[in-house]
file structure_13.cif (mmCIF, C-alpha atoms)
data_run
#
loop_
_atom_site.label_atom_id
_atom_site.label_comp_id
_atom_site.auth_asym_id
_atom_site.auth_seq_id
_atom_site.Cartn_x
_atom_site.Cartn_y
_atom_site.Cartn_z
CA MET A 2 27.20 -32.71 12.08
CA ALA A 3 27.26 -29.86 9.56
CA LYS A 4 23.92 -28.35 8.68
CA LYS A 5 22.74 -29.32 5.22
CA ASP A 6 22.66 -26.54 2.65
CA PRO A 7 19.08 -25.81 1.43
CA SER A 8 20.22 -26.05 -2.19
CA GLU A 9 21.30 -29.65 -1.57
CA PHE A 10 17.82 -30.79 -0.51
CA THR A 11 15.93 -33.12 -2.80
CA VAL A 12 12.88 -31.85 -4.66
CA GLU A 13 10.72 -33.90 -2.31
CA GLU A 14 12.29 -32.25 0.75
CA LYS A 15 11.95 -28.77 -0.80
CA LEU A 16 8.28 -29.30 -1.63
CA LYS A 17 7.52 -30.69 1.81
CA SER A 18 9.20 -27.72 3.57
CA LEU A 19 7.48 -25.28 1.25
CA TYR A 20 4.05 -26.79 1.94
CA GLN A 21 4.72 -26.68 5.69
CA LEU A 22 5.59 -22.99 5.32
CA GLN A 23 2.39 -22.41 3.34
CA THR A 24 0.38 -24.08 6.12
CA ILE A 25 1.92 -21.77 8.75
CA LEU A 26 1.41 -18.66 6.63
CA THR A 27 -2.21 -19.65 6.01
CA GLU A 28 -2.76 -19.76 9.78
CA ILE A 29 -1.25 -16.26 10.06
CA ASP A 30 -3.57 -15.11 7.26
CA LYS A 31 -6.54 -16.46 9.24
CA ILE A 32 -5.48 -14.33 12.20
CA LYS A 33 -5.33 -11.28 9.93
CA ILE A 34 -8.81 -12.11 8.62
CA LEU A 35 -10.00 -12.31 12.22
CA ARG A 36 -8.85 -8.73 12.67
CA GLY A 37 -10.80 -7.87 9.55
CA GLU A 38 -10.62 -4.32 8.26
CA LEU A 39 -9.81 -2.86 11.68
CA PRO A 40 -6.12 -2.11 10.95
CA LEU A 41 -7.08 -0.29 7.75
CA GLU A 42 -9.91 1.55 9.51
CA VAL A 43 -7.52 2.65 12.26
CA LYS A 44 -4.98 3.85 9.67
CA ASP A 45 -7.68 5.73 7.72
CA LEU A 46 -8.93 7.40 10.90
CA GLU A 47 -5.38 8.38 11.88
CA ASP A 48 -4.82 9.93 8.44
CA GLU A 49 -8.18 11.72 8.59
CA ILE A 50 -7.38 13.12 12.04
CA VAL A 51 -4.03 14.43 10.77
CA GLY A 52 -5.86 16.03 7.83
CA LEU A 53 -8.46 17.62 10.11
CA GLY A 54 -5.68 18.94 12.38
CA THR A 55 -3.98 20.54 9.37
CA ARG A 56 -7.31 22.01 8.24
CA ILE A 57 -7.94 23.50 11.70
CA GLU A 58 -4.46 25.03 11.68
CA ASN A 59 -5.03 26.54 8.22
CA ILE A 60 -8.45 27.96 9.12
CA THR A 61 -7.05 29.40 12.36
CA ASN A 62 -4.27 31.13 10.40
CA ASP A 63 -6.82 32.45 7.89
CA ILE A 64 -8.96 33.89 10.70
CA LYS A 65 -5.86 35.50 12.19
CA LYS A 66 -5.03 37.14 8.84
CA VAL A 67 -8.62 38.35 8.42
CA ARG A 68 -8.55 39.94 11.87
CA GLU A 69 -5.19 41.57 11.10
CA ASN A 70 -6.73 43.02 7.91
CA ILE A 71 -9.67 44.39 9.89
CA VAL A 72 -7.28 46.11 12.28
CA ALA A 73 -5.33 47.55 9.32
CA PHE A 74 -8.54 48.85 7.69
CA ARG A 75 -9.64 50.46 10.96
CA GLU A 76 -6.28 52.18 11.37
CA GLU A 77 -6.55 53.46 7.82
CA MET A 78 -10.08 54.75 8.51
CA GLU A 79 -8.91 56.51 11.67
CA GLN A 80 -6.09 58.12 9.74
CA SER A 81 -8.53 59.26 7.03
CA GLU A 82 -10.83 60.70 9.70
CA ARG A 83 -7.90 62.65 11.16
CA ASN A 84 -7.01 63.86 7.66
CA ILE A 85 -10.58 65.03 7.06
CA ALA A 86 -10.59 66.92 10.35
CA LYS A 87 -7.28 68.53 9.51
CA TYR A 88 -8.23 69.46 5.92
CA THR A 89 -11.58 70.84 7.11
CA GLU A 90 -9.80 73.04 9.64
CA ASP A 91 -7.26 74.14 6.99
CA GLN A 92 -10.11 75.30 4.72
CA ASN A 93 -10.81 78.07 7.22
CA ASN A 94 -7.38 79.51 6.58
CA VAL A 95 -7.15 79.32 2.77
CA ARG A 96 -6.15 82.37 0.76
CA ASN A 97 -7.94 81.53 -2.48
CA ASN A 98 -10.47 79.21 -4.11
CA ARG A 99 -7.73 77.04 -5.63
CA GLU A 100 -6.38 76.08 -2.19
CA PHE A 101 -9.93 75.46 -1.00
CA ASP A 102 -10.62 73.11 -3.95
CA VAL A 103 -7.40 71.16 -3.34
CA LEU A 104 -8.30 70.63 0.31
CA ASN A 105 -11.85 69.73 -0.68
CA LYS A 106 -10.54 67.04 -3.06
CA GLU A 107 -8.38 65.61 -0.25
CA ILE A 108 -11.44 65.49 2.00
CA GLU A 109 -13.47 63.72 -0.70
CA TYR A 110 -10.63 61.26 -1.30
CA ASN A 111 -10.38 60.38 2.39
CA LYS A 112 -14.13 59.93 2.58
CA LEU A 113 -13.86 57.41 -0.30
CA VAL A 114 -11.08 55.63 1.59
CA ILE A 115 -13.33 55.39 4.65
CA GLU A 116 -16.21 53.99 2.56
CA HIS A 117 -13.86 51.50 0.94
CA ASP A 118 -12.44 50.43 4.30
CA GLU A 119 -15.93 50.06 5.81
CA LYS A 120 -16.90 47.82 2.89
CA LYS A 121 -13.73 45.75 3.31
CA ILE A 122 -14.29 45.45 7.06
CA ASN A 123 -17.86 44.20 6.52
CA GLU A 124 -16.62 41.65 3.96
CA ALA A 125 -13.85 40.58 6.33
CA ARG A 126 -16.31 40.15 9.20
CA ARG A 127 -18.53 37.95 7.04
CA ASP A 128 -15.46 35.97 5.99
CA GLU A 129 -14.37 35.69 9.62
CA LYS A 130 -17.83 34.45 10.64
CA ALA A 131 -17.89 31.82 7.89
CA LYS A 132 -14.38 30.64 8.75
CA SER A 133 -15.21 30.54 12.46
CA GLU A 134 -18.27 28.38 11.76
CA ASP A 135 -16.13 26.13 9.55
CA LEU A 136 -13.55 25.95 12.34
CA GLU A 137 -16.14 24.86 14.92
CA LYS A 138 -17.55 22.30 12.48
CA THR A 139 -14.08 20.89 11.78
CA LYS A 140 -13.29 20.73 15.50
CA THR A 141 -16.51 18.78 16.06
CA GLN A 142 -15.54 16.38 13.27
CA LEU A 143 -12.11 15.99 14.85
CA ASP A 144 -13.62 15.16 18.23
CA GLU A 145 -15.92 12.56 16.64
CA ARG A 146 -13.06 10.97 14.65
CA GLN A 147 -10.87 10.82 17.76
CA LYS A 148 -13.64 9.01 19.63
CA ASP A 149 -14.06 6.62 16.69
CA LEU A 150 -10.30 6.04 16.65
CA GLU A 151 -10.21 5.26 20.37
CA LEU A 152 -13.01 2.74 19.91
CA LYS A 153 -11.41 1.07 16.87
CA ARG A 154 -8.02 0.96 18.56
CA SER A 155 -9.59 -0.61 21.62
CA GLU A 156 -11.25 -3.30 19.48
CA LEU A 157 -8.02 -3.92 17.56
CA ASP A 158 -5.89 -4.06 20.70
CA GLU A 159 -8.29 -6.59 22.19
CA ILE A 160 -8.09 -8.85 19.15
CA VAL A 161 -4.31 -8.44 18.89
CA ALA A 162 -3.94 -9.31 22.58
CA GLU A 163 -5.90 -12.51 22.03
CA THR A 164 -3.89 -13.59 18.99
CA LYS A 165 -0.48 -11.98 19.59
CA ALA A 166 1.16 -14.98 21.28
CA GLU A 167 -0.14 -17.39 18.65
CA GLU A 168 0.91 -15.11 15.78
CA GLU A 169 4.42 -14.58 17.19
CA LYS A 170 4.81 -18.34 17.60
CA LEU A 171 3.71 -18.95 14.01
CA ARG A 172 5.97 -16.21 12.65
CA GLU A 173 8.94 -17.68 14.53
CA GLN A 174 8.17 -21.10 13.04
CA ALA A 175 7.92 -19.54 9.58
CA ARG A 176 11.26 -17.74 9.97
CA ASN A 177 13.01 -20.93 11.08
CA LEU A 178 11.46 -22.92 8.25
CA GLU A 179 12.49 -20.33 5.65
CA LEU A 180 16.13 -20.97 6.59
CA SER A 181 15.78 -24.54 5.33
CA ILE A 182 14.35 -23.53 1.93
CA ASP A 183 16.42 -22.69 -1.12
CA PRO A 184 16.43 -18.84 -1.38
CA ARG A 185 15.51 -18.81 -5.08
CA LEU A 186 12.62 -21.20 -4.54
CA LEU A 187 11.51 -19.21 -1.48
CA ALA A 188 11.61 -15.95 -3.47
CA SER A 189 9.50 -17.51 -6.25
CA PHE A 190 7.04 -18.86 -3.68
CA LYS A 191 6.66 -15.44 -2.02
CA ARG A 192 6.15 -13.76 -5.38
CA ILE A 193 3.45 -16.27 -6.37
CA ARG A 194 1.80 -15.96 -2.97
CA LYS A 195 1.82 -12.15 -3.16
CA ASN A 196 0.08 -12.20 -6.56
CA SER A 197 -2.42 -14.83 -5.43
CA ARG A 198 -5.80 -13.64 -4.21
CA ASN A 199 -6.10 -16.41 -1.59
CA GLY A 200 -2.43 -16.28 -0.56
CA LEU A 201 -1.65 -19.80 -1.78
CA GLY A 202 1.77 -20.24 -3.38
CA ILE A 203 1.82 -24.03 -3.37
CA VAL A 204 -1.22 -26.31 -3.81
CA TYR A 205 -1.90 -29.99 -4.31
CA VAL A 206 -3.76 -31.84 -7.02
CA GLU A 207 -7.42 -32.28 -6.13
CA ARG A 208 -9.84 -34.21 -8.32
CA ASP A 209 -7.41 -34.06 -11.25
CA ALA A 210 -7.27 -30.25 -10.98
CA CYS A 211 -5.17 -27.49 -9.43
CA ALA A 212 -6.51 -26.75 -5.94
CA GLY A 213 -5.64 -23.09 -6.49
CA CYS A 214 -7.38 -22.22 -9.74
CA PHE A 215 -9.30 -25.50 -10.33
CA SER A 216 -7.92 -25.91 -13.84
CA LYS A 217 -7.70 -29.49 -15.07
CA ILE A 218 -4.22 -31.03 -15.02
CA PRO A 219 -3.28 -33.52 -17.79
CA PRO A 220 -2.60 -37.11 -16.61
CA GLN A 221 1.06 -37.00 -17.68
CA ARG A 222 1.64 -33.81 -15.67
CA GLN A 223 -0.05 -35.42 -12.67
CA MET A 224 2.35 -38.33 -13.04
CA ASP A 225 5.30 -35.90 -13.06
CA ILE A 226 3.98 -34.28 -9.88
CA ARG A 227 3.70 -37.68 -8.17
CA MET A 228 7.26 -38.55 -9.22
CA ARG A 229 8.62 -35.58 -7.19
CA LYS A 230 11.68 -35.25 -9.42
CA LYS A 231 11.33 -31.58 -10.35
CA ILE A 232 9.44 -28.44 -9.36
CA ILE A 233 6.25 -28.22 -11.41
CA VAL A 234 3.91 -25.24 -11.59
CA CYS A 235 0.31 -24.97 -12.73
CA GLU A 236 0.22 -23.95 -16.39
CA ASN A 237 -2.81 -21.74 -15.72
CA CYS A 238 -2.11 -19.88 -12.43
CA GLY A 239 1.62 -20.47 -11.94
CA ARG A 240 1.28 -21.96 -8.44
CA ILE A 241 3.77 -24.62 -7.37
CA MET A 242 2.22 -28.10 -7.42
CA ILE A 243 2.68 -30.83 -4.81
CA ASP A 244 1.52 -34.42 -4.58
CA PRO A 245 -1.37 -34.69 -2.06
CA GLU A 246 0.32 -37.65 -0.37
CA LEU A 247 3.50 -35.63 0.19
CA ALA A 248 1.40 -32.76 1.51
CA GLY A 249 -0.23 -35.15 3.97
CA VAL A 250 -3.67 -34.59 2.52
CA LYS A 251 -6.08 -37.50 2.49
CA GLN A 252 -8.46 -37.32 -0.41
CA GLU A 253 -11.77 -39.07 -0.72
CA GLN A 254 -11.82 -41.85 -3.23
CA ILE A 255 -14.38 -41.31 -5.91
CA VAL A 256 -16.33 -44.52 -6.31
CA GLU A 257 -18.01 -44.85 -9.64
CA ALA A 258 -21.59 -46.04 -9.44
CA PRO A 259 -22.22 -49.34 -11.27
CA ALA A 260 -23.90 -49.02 -14.62
CA PRO A 261 -27.62 -49.84 -14.46
CA LYS A 262 -28.59 -53.25 -15.84
CA ARG A 263 -30.53 -53.28 -19.02
CA ARG A 264 -34.00 -54.73 -18.78
CA SER A 265 -34.72 -57.33 -21.37
CA ILE A 266 -37.85 -56.67 -23.39
CA ARG A 267 -39.75 -59.64 -24.76
CA ARG A 268 -41.48 -59.17 -27.98
CA LYS A 269 -44.91 -60.63 -28.29
CA SER A 270 -45.13 -63.27 -30.95
CA ALA A 271 -47.39 -62.40 -33.80
CA GLU A 272 -50.68 -64.20 -33.56
#

call {"tool": "encode", "arguments": {"input": "structure_13.cif", "output": "structure tokens"}}
result
Amino acid sequence: MAKKDPSEFTVEEKLKSLYQLQTILTEIDKIKILRGELPLEVKDLEDEIVGLGTRIENITNDIKKVRENIVAFREEMEQSERNIAKYTEDQNNVRNNREFDVLNKEIEYNKLVIEHDEKKINEARRDEKAKSEDLEKTKTQLDERQKDLELKRSELDEIVAETKAEEEKLREQARNLELSIDPRLLASFKRIRKNSRNGLGIVYVERDACAGCFSKIPPQRQMDIRMRKKIIVCENCGRIMIDPELAGVKQEQIVEAPAPKRRSIRRKSAE
């Protein structure tokens, strides 16, 4: 026998399948709630660890550059010291005051270079110290976050292990059930469910109100829902509505309390 096309199902069949799907997805949502915020916490820790790793790499490169600058300043100082020694020796062989003054200016210039380089080296050493302390602090933070991640992952893996088989079974049921639902109706249902805070895309009428947003439903609209002739949505929240009986939900009958009897009051006859 050929498989019936989902678009050929009656409204009653579509609503019933859709409510069954909602029931399965609600159970999956409960499993996610059981896991709590652990998946998000694990993801946040993973992102933070990546960020700390990048920070450590950047600081390490900065320290390397600072040390290279220190080496360059020292080489420049050594060259200036050699220049001073040379110019000082050359002053002993000058022929006039003009040559002496030129050499003297070169000596003074190289002394200024040495002072400048010493200042830069001291600044670089302070910078290196600060960056090294920052590096050690960041490494400590990384170690702590990695330990936190291991703990959170362990907790998450334990919960997932306990619920994995059940979740896979439910997801398989949901996939199979989706094949029997009209694609357009299924797409609308998923969109409604995605925008719903409690994940409900289809709800039944409860106490003359929508069980999703608790807005009152007019009697005529309730009658249309019970007729099961067309897909009806809540005018307030947009959720698909289903008759409680079709959903298999037994509702308590509200029994109105009898009105209290009036007590007769006898008037005293005038004496």

call {"tool": "resolve_selection", "arguments": {"input": "structure_13.cif", "expression": "the PyMOL selection byres ((chain A and resi 180) around 12)", "output": "list in words"}}
result
Lys4, Lys5, Asp6, Pro7, Ser8, Lys15, Ser18, Leu19, Leu22, Glu173, Gln174, Ala175, Arg176, Asn177, Leu178, Glu179, Ser181, Ile182, Asp183, Pro184, Arg185, Leu186 and Leu187 of chain A

call {"tool": "residues_around", "arguments": {"input": "structure_13.cif", "residues": "Glu38 of chain A", "least_positions_apart": "4", "cutoff": "12 Å", "atoms": "only C-alpha atoms", "output": "list of chain:residue names"}}
result
A:Ile32, A:Lys33, A:Ile34, A:Glu42, A:Val43, A:Lys44, A:Asp45, A:Lys153, A:Arg154, A:Glu156, A:Leu157

call {"tool": "residues_around", "arguments": {"input": "structure_13.cif", "residues": "Glu124 of chain A", "least_positions_apart": "6", "cutoff": "12 Å", "atoms": "only C-alpha atoms", "output": "PyMOL selection string"}}
result
chain A and resi 67-68+70-71+74+117-118+130-131

call {"tool": "resolve_selection", "arguments": {"input": "structure_13.cif", "expression": "the PyMOL selection byres ((chain A and resi 54) around 12)", "output": "PDB file with C-alpha atoms, in the frame of the given file"}}
result
ATOM      1  CA  GLU A  47      -5.380   8.380  11.880  1.00  0.00           C
ATOM      2  CA  ASP A  48      -4.820   9.930   8.440  1.00  0.00           C
ATOM      3  CA  GLU A  49      -8.180  11.720   8.590  1.00  0.00           C
ATOM      4  CA  ILE A  50      -7.380  13.120  12.040  1.00  0.00           C
ATOM      5  CA  VAL A  51      -4.030  14.430  10.770  1.00  0.00           C
ATOM      6  CA  GLY A  52      -5.860  16.030   7.830  1.00  0.00           C
ATOM      7  CA  LEU A  53      -8.460  17.620  10.110  1.00  0.00           C
ATOM      8  CA  THR A  55      -3.980  20.540   9.370  1.00  0.00           C
ATOM      9  CA  ARG A  56      -7.310  22.010   8.240  1.00  0.00           C
ATOM     10  CA  ILE A  57      -7.940  23.500  11.700  1.00  0.00           C
ATOM     11  CA  GLU A  58      -4.460  25.030  11.680  1.00  0.00           C
ATOM     12  CA  ASN A  59      -5.030  26.540   8.220  1.00  0.00           C
ATOM     13  CA  ILE A  60      -8.450  27.960   9.120  1.00  0.00           C
ATOM     14  CA  THR A  61      -7.050  29.400  12.360  1.00  0.00           C
ATOM     15  CA  LEU A 136     -13.550  25.950  12.340  1.00  0.00           C
ATOM     16  CA  THR A 139     -14.080  20.890  11.780  1.00  0.00           C
ATOM     17  CA  LYS A 140     -13.290  20.730  15.500  1.00  0.00           C
ATOM     18  CA  THR A 141     -16.510  18.780  16.060  1.00  0.00           C
ATOM     19  CA  GLN A 142     -15.540  16.380  13.270  1.00  0.00           C
ATOM     20  CA  LEU A 143     -12.110  15.990  14.850  1.00  0.00           C
ATOM     21  CA  ASP A 144     -13.620  15.160  18.230  1.00  0.00           C
ATOM     22  CA  ARG A 146     -13.060  10.970  14.650  1.00  0.00           C
ATOM     23  CA  GLN A 147     -10.870  10.820  17.760  1.00  0.00           C
TER      24      GLN A 147
END

call {"tool": "closest_residue", "arguments": {"input": "structure_13.cif", "among": "A:Ser155, A:Lys170, A:Asp244, A:Ile218", "to": "Pro40 of chain A", "atoms": "only C-alpha atoms"}}
result
A:Ser155

call {"tool": "residues_around", "arguments": {"input": "structure_13.cif", "residues": "Glu207 of chain A", "least_positions_apart": "4", "cutoff": "9 Å", "atoms": "all atoms listed in the file", "output": "JSON list (two decimals) with C-alpha atoms, in the frame of the given file"}}
result
[["chain", "number", "residue", "atom", "x", "y", "z"],
["A", 211, "CYS", "CA", -5.17, -27.49, -9.43],
["A", 212, "ALA", "CA", -6.51, -26.75, -5.94],
["A", 215, "PHE", "CA", -9.30, -25.50, -10.33],
["A", 245, "PRO", "CA", -1.37, -34.69, -2.06],
["A", 252, "GLN", "CA", -8.46, -37.32, -0.41]]

call {"tool": "resolve_selection", "arguments": {"input": "structure_13.cif", "expression": "the PyMOL selection byres ((chain A and resi 193-200) around 9)", "output": "ChimeraX atom specification"}}
result
/A:23,26-27,30,188-192,201-203,213,238-241

call {"tool": "residues_around", "arguments": {"input": "structure_13.cif", "residues": "segment 99-116 of chain A", "least_positions_apart": "2", "cutoff": "12 Å", "atoms": "all atoms listed in the file", "output": "PyMOL selection string"}}
result
chain A and resi 74-97+118-123

call {"tool": "closest_residue", "arguments": {"input": "structure_13.cif", "among": "A:Lys251, A:Thr164, A:Asn98, A:Ile64", "to": "Arg127 of chain A", "atoms": "all atoms listed in the file"}}
result
A:Ile64

call {"tool": "atom_distance", "arguments": {"input": "structure_13.cif", "atom1": "atom CA of Phe10 of chain A", "atom2": "atom CA of Arg227 of chain A"}}
result
17.5 Å

call {"tool": "atom_distance", "arguments": {"input": "structure_13.cif", "atom1": "atom CA of Arg36 of chain A", "atom2": "atom CA of Glu159 of chain A"}}
result
9.8 Å

call {"tool": "closest_residue", "arguments": {"input": "structure_13.cif", "among": "A:Ala210, A:Cys235, A:Leu46, A:Met228", "to": "Val12 of chain A", "atoms": "only C-alpha atoms"}}
result
A:Met228

call {"tool": "axis_aligned_box", "arguments": {"input": "structure_13.cif", "around": "segment 85-89 of chain A", "padding_each_side": "8 Å", "output": "lines of an AutoDock Vina configuration file"}}
result
center_x = -9.4
center_y = 67.9
center_z = 8.1
size_x = 20.3
size_y = 21.8
size_z = 20.4

call {"tool": "atom_distance", "arguments": {"input": "structure_13.cif", "atom1": "atom CA of Asp135 of chain A", "atom2": "atom CA of Leu152 of chain A"}}
result
25.8 Å

call {"tool": "closest_residue", "arguments": {"input": "structure_13.cif", "among": "A:Gln223, A:Thr11, A:Asn237, A:Thr24", "to": "Arg172 of chain A", "atoms": "all atoms listed in the file"}}
result
A:Thr24

call {"tool": "closest_residue", "arguments": {"input": "structure_13.cif", "among": "A:Ile232, A:Val206, A:Ile226, A:Ile29", "to": "Glu167 of chain A", "atoms": "all atoms listed in the file"}}
result
A:Ile29

call {"tool": "closest_residue", "arguments": {"input": "structure_13.cif", "among": "A:Lys230, A:Tyr205, A:Glu9, A:Glu169", "to": "Gly249 of chain A", "atoms": "only C-alpha atoms"}}
result
A:Tyr205
